[in-house]
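One file, upload-v8.txt, carrying compact mmCIF, C-alpha atoms:
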# COMPACT_ATOMS: atom_id res chain seq x y z
CA GLY A 1 7.92 -4.83 12.02
CA THR A 2 7.23 -1.52 13.65
CA ALA A 3 6.73 1.95 12.29
CA ALA A 4 6.43 5.51 13.53
CA ALA A 5 4.37 7.86 11.43
CA LYS A 6 3.40 11.47 11.54
CA GLY A 7 0.42 13.09 9.97
CA ARG A 8 -0.55 16.54 8.87
CA ILE A 9 -4.07 17.49 9.86
CA SER A 10 -6.23 20.38 8.75
CA PRO A 11 -7.59 21.59 12.12
CA ALA A 12 -10.52 23.45 10.58
CA ALA A 13 -11.89 20.38 8.82
CA MET A 14 -10.20 17.64 10.92
CA ARG A 15 -9.08 16.00 7.71
CA VAL A 16 -5.78 14.34 6.93
CA THR A 17 -3.62 16.50 4.67
CA GLY A 18 -0.58 14.23 4.59
CA VAL A 19 1.12 11.19 6.12
CA SER A 20 4.79 10.32 6.31
CA VAL A 21 6.56 7.45 8.03
CA ILE A 22 9.57 8.69 9.97
CA LYS A 23 10.90 5.35 11.20
CA HIS A 24 10.13 1.70 10.50
CA SER A 25 11.39 -1.86 10.72
CA GLU A 26 9.00 -3.36 8.23
CA THR A 27 9.75 -6.44 6.14
CA LYS A 28 11.12 -5.53 2.72
CA ASN A 29 8.55 -5.90 -0.06
CA ILE A 30 5.75 -6.61 2.42
CA GLY A 31 5.30 -3.88 5.05
CA THR A 32 7.41 -1.49 3.01
CA LYS A 33 4.66 -1.57 0.38
CA VAL A 34 2.72 0.61 2.83
CA VAL A 35 5.27 2.66 4.74
CA MET A 36 7.61 3.53 1.84
CA SER A 37 5.00 4.29 -0.82
CA SER A 38 3.92 7.91 -1.15
CA LYS A 39 1.20 6.67 -3.51
CA VAL A 40 -0.25 4.45 -0.75
CA LEU A 41 0.20 7.01 2.04
CA SER A 42 -1.45 9.73 -0.05
CA ARG A 43 -4.67 7.67 0.00
CA PHE A 44 -5.17 8.91 3.58
CA ILE A 45 -5.44 12.52 2.37
CA GLY A 46 -8.92 13.93 2.83
CA LEU A 47 -10.06 11.27 5.31
CA GLU A 48 -11.71 12.24 8.60
CA SER A 49 -11.69 10.60 12.02
CA PRO A 50 -12.12 7.78 12.57
CA VAL A 51 -10.36 6.26 9.58
CA THR A 52 -11.36 2.64 9.11
CA LEU A 53 -9.53 -0.12 7.28
CA ASN A 54 -11.14 -1.79 4.27
CA GLY A 55 -14.71 -0.88 5.16
CA GLY A 56 -17.02 1.98 6.01
CA THR A 57 -17.52 5.38 4.48
CA ASN A 58 -14.25 6.92 5.70
CA ARG A 59 -11.97 4.05 4.84
CA PHE A 60 -8.40 3.43 3.84
CA ASP A 61 -8.13 0.45 1.53
CA GLY A 62 -5.18 -1.51 2.88
CA VAL A 63 -2.44 -3.12 0.85
CA THR A 64 -2.92 -6.82 0.07
CA GLY A 65 -0.34 -8.89 1.92
CA ALA A 66 0.52 -6.03 4.28
CA THR A 67 -2.47 -6.12 6.61
CA PHE A 68 -0.54 -5.48 9.83
CA SER A 69 1.32 -2.55 8.29
CA SER A 70 -1.93 -1.13 6.91
CA LYS A 71 -3.52 -1.46 10.37
CA GLY A 72 -0.52 0.17 12.02
CA VAL A 73 -0.45 3.22 9.79
CA THR A 74 -4.23 3.56 10.06
CA ALA A 75 -3.90 3.49 13.86
CA ALA A 76 -1.17 6.15 13.72
CA VAL A 77 -3.35 8.39 11.54
CA ASN A 78 -6.26 7.97 13.97
CA ALA A 79 -3.95 8.77 16.90
CA ALA A 80 -2.87 11.98 15.17
CA LEU A 81 -6.49 12.96 14.52
CA THR A 82 -7.36 12.28 18.16
CA ALA A 83 -4.39 14.32 19.40
CA VAL A 84 -5.35 17.32 17.27
CA ASP A 85 -8.97 17.05 18.41
CA ALA A 86 -7.83 16.99 22.06
CA VAL A 87 -5.69 20.10 21.61
CA LEU A 88 -8.49 21.98 19.86
CA SER A 89 -11.22 20.93 22.31
What does this structure look like when you write it as structure tokens?
Amino acid sequence: GTAAAKGRISPAAMRVTGVSVIKHSETKNIGTKVVMSSKVLSRFIGLESPVTLNGGTNRFDGVTGATFSSKGVTAAVNAALTAVDAVLS
């Protein structure tokens, strides 16, 4: 499936303050475990760029069985962080 996400970034600290998925076509009970769960999406809060998946010091622990969805949302969060950094630079 596909998803479109938006993030809220704290420009002063370049930290994620929130993530919401605004559109998706994820498989029910697989990808939706990531994109429809505020509990999962809230795990991005406080992370800095670059956010990594399942490893590193600034990591988002993906959802088992929803690897592609976890990668996609992580990529969207990183894109939002990069966009904010570009505007502020």
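Atom CA of A:Gly62 sits 15.1 Å away from atom CA of A:Pro50.
Distance check against A:Leu47 using all atoms listed in the file: of A:Val77, A:Val87, A:Gly72, A:Thr82, the minimum falls on A:Val77.
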* Counting all atoms listed in the file, the option among A:Val34, A:Val40, A:Ala13, A:Ile22 closest to A:Ala66 -> A:Val34
* Asked: Near stretch 51-55 of chain A, within 12 Å and counting all atoms listed in the file, which residues show up once chain neighbours fewer than 5 positions away are dropped, as a list in words?
  ->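 Returned residues: Met14, Arg15, Val16, Arg43, Phe44, Ile45, Gly46, Phe60, Asp61, Gly62, Val63, Thr64, Thr67, Phe68, Ser69, Ser70, Lys71, Gly72, Val73, Thr74, Ala75, Ala76, Val77, Asn78, Ala79, Ala80, Leu81 and Thr82 of chain A.
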Can I get the selection written as a tab-separated table (two decimals), keeping the file's coordinate frame, with C-alpha atoms?
chain	number	residue	atom	x	y	z
A	14	MET	CA	-10.20	17.64	10.92
A	15	ARG	CA	-9.08	16.00	7.71
A	16	VAL	CA	-5.78	14.34	6.93
A	43	ARG	CA	-4.67	7.67	0.00
A	44	PHE	CA	-5.17	8.91	3.58
A	45	ILE	CA	-5.44	12.52	2.37
A	46	GLY	CA	-8.92	13.93	2.83
A	60	PHE	CA	-8.40	3.43	3.84
A	61	ASP	CA	-8.13	0.45	1.53
A	62	GLY	CA	-5.18	-1.51	2.88
A	63	VAL	CA	-2.44	-3.12	0.85
A	64	THR	CA	-2.92	-6.82	0.07
A	67	THR	CA	-2.47	-6.12	6.61
A	68	PHE	CA	-0.54	-5.48	9.83
A	69	SER	CA	1.32	-2.55	8.29
A	70	SER	CA	-1.93	-1.13	6.91
A	71	LYS	CA	-3.52	-1.46	10.37
A	72	GLY	CA	-0.52	0.17	12.02
A	73	VAL	CA	-0.45	3.22	9.79
A	74	THR	CA	-4.23	3.56	10.06
A	75	ALA	CA	-3.90	3.49	13.86
A	76	ALA	CA	-1.17	6.15	13.72
A	77	VAL	CA	-3.35	8.39	11.54
A	78	ASN	CA	-6.26	7.97	13.97
A	79	ALA	CA	-3.95	8.77	16.90
A	80	ALA	CA	-2.87	11.98	15.17
A	81	LEU	CA	-6.49	12.96	14.52
A	82	THR	CA	-7.36	12.28	18.16
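Among the candidate residues A:Arg59, A:Ala83, A:Leu88, A:Val21, the one lying nearest to A:Lys33 is A:Val21, with distances computed using only C-alpha atoms.
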* Gap from atom CA of A:Ser37 to atom CA of A:Thr57 - Å, one decimal ->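 Taking atom CA of A:Ser37 as the start and atom CA of A:Thr57 as the end point, the length is 23.2 Å.
The space separating atom CA of A:Ser38 from atom CA of A:Ala86 comes to 27.6 Å.
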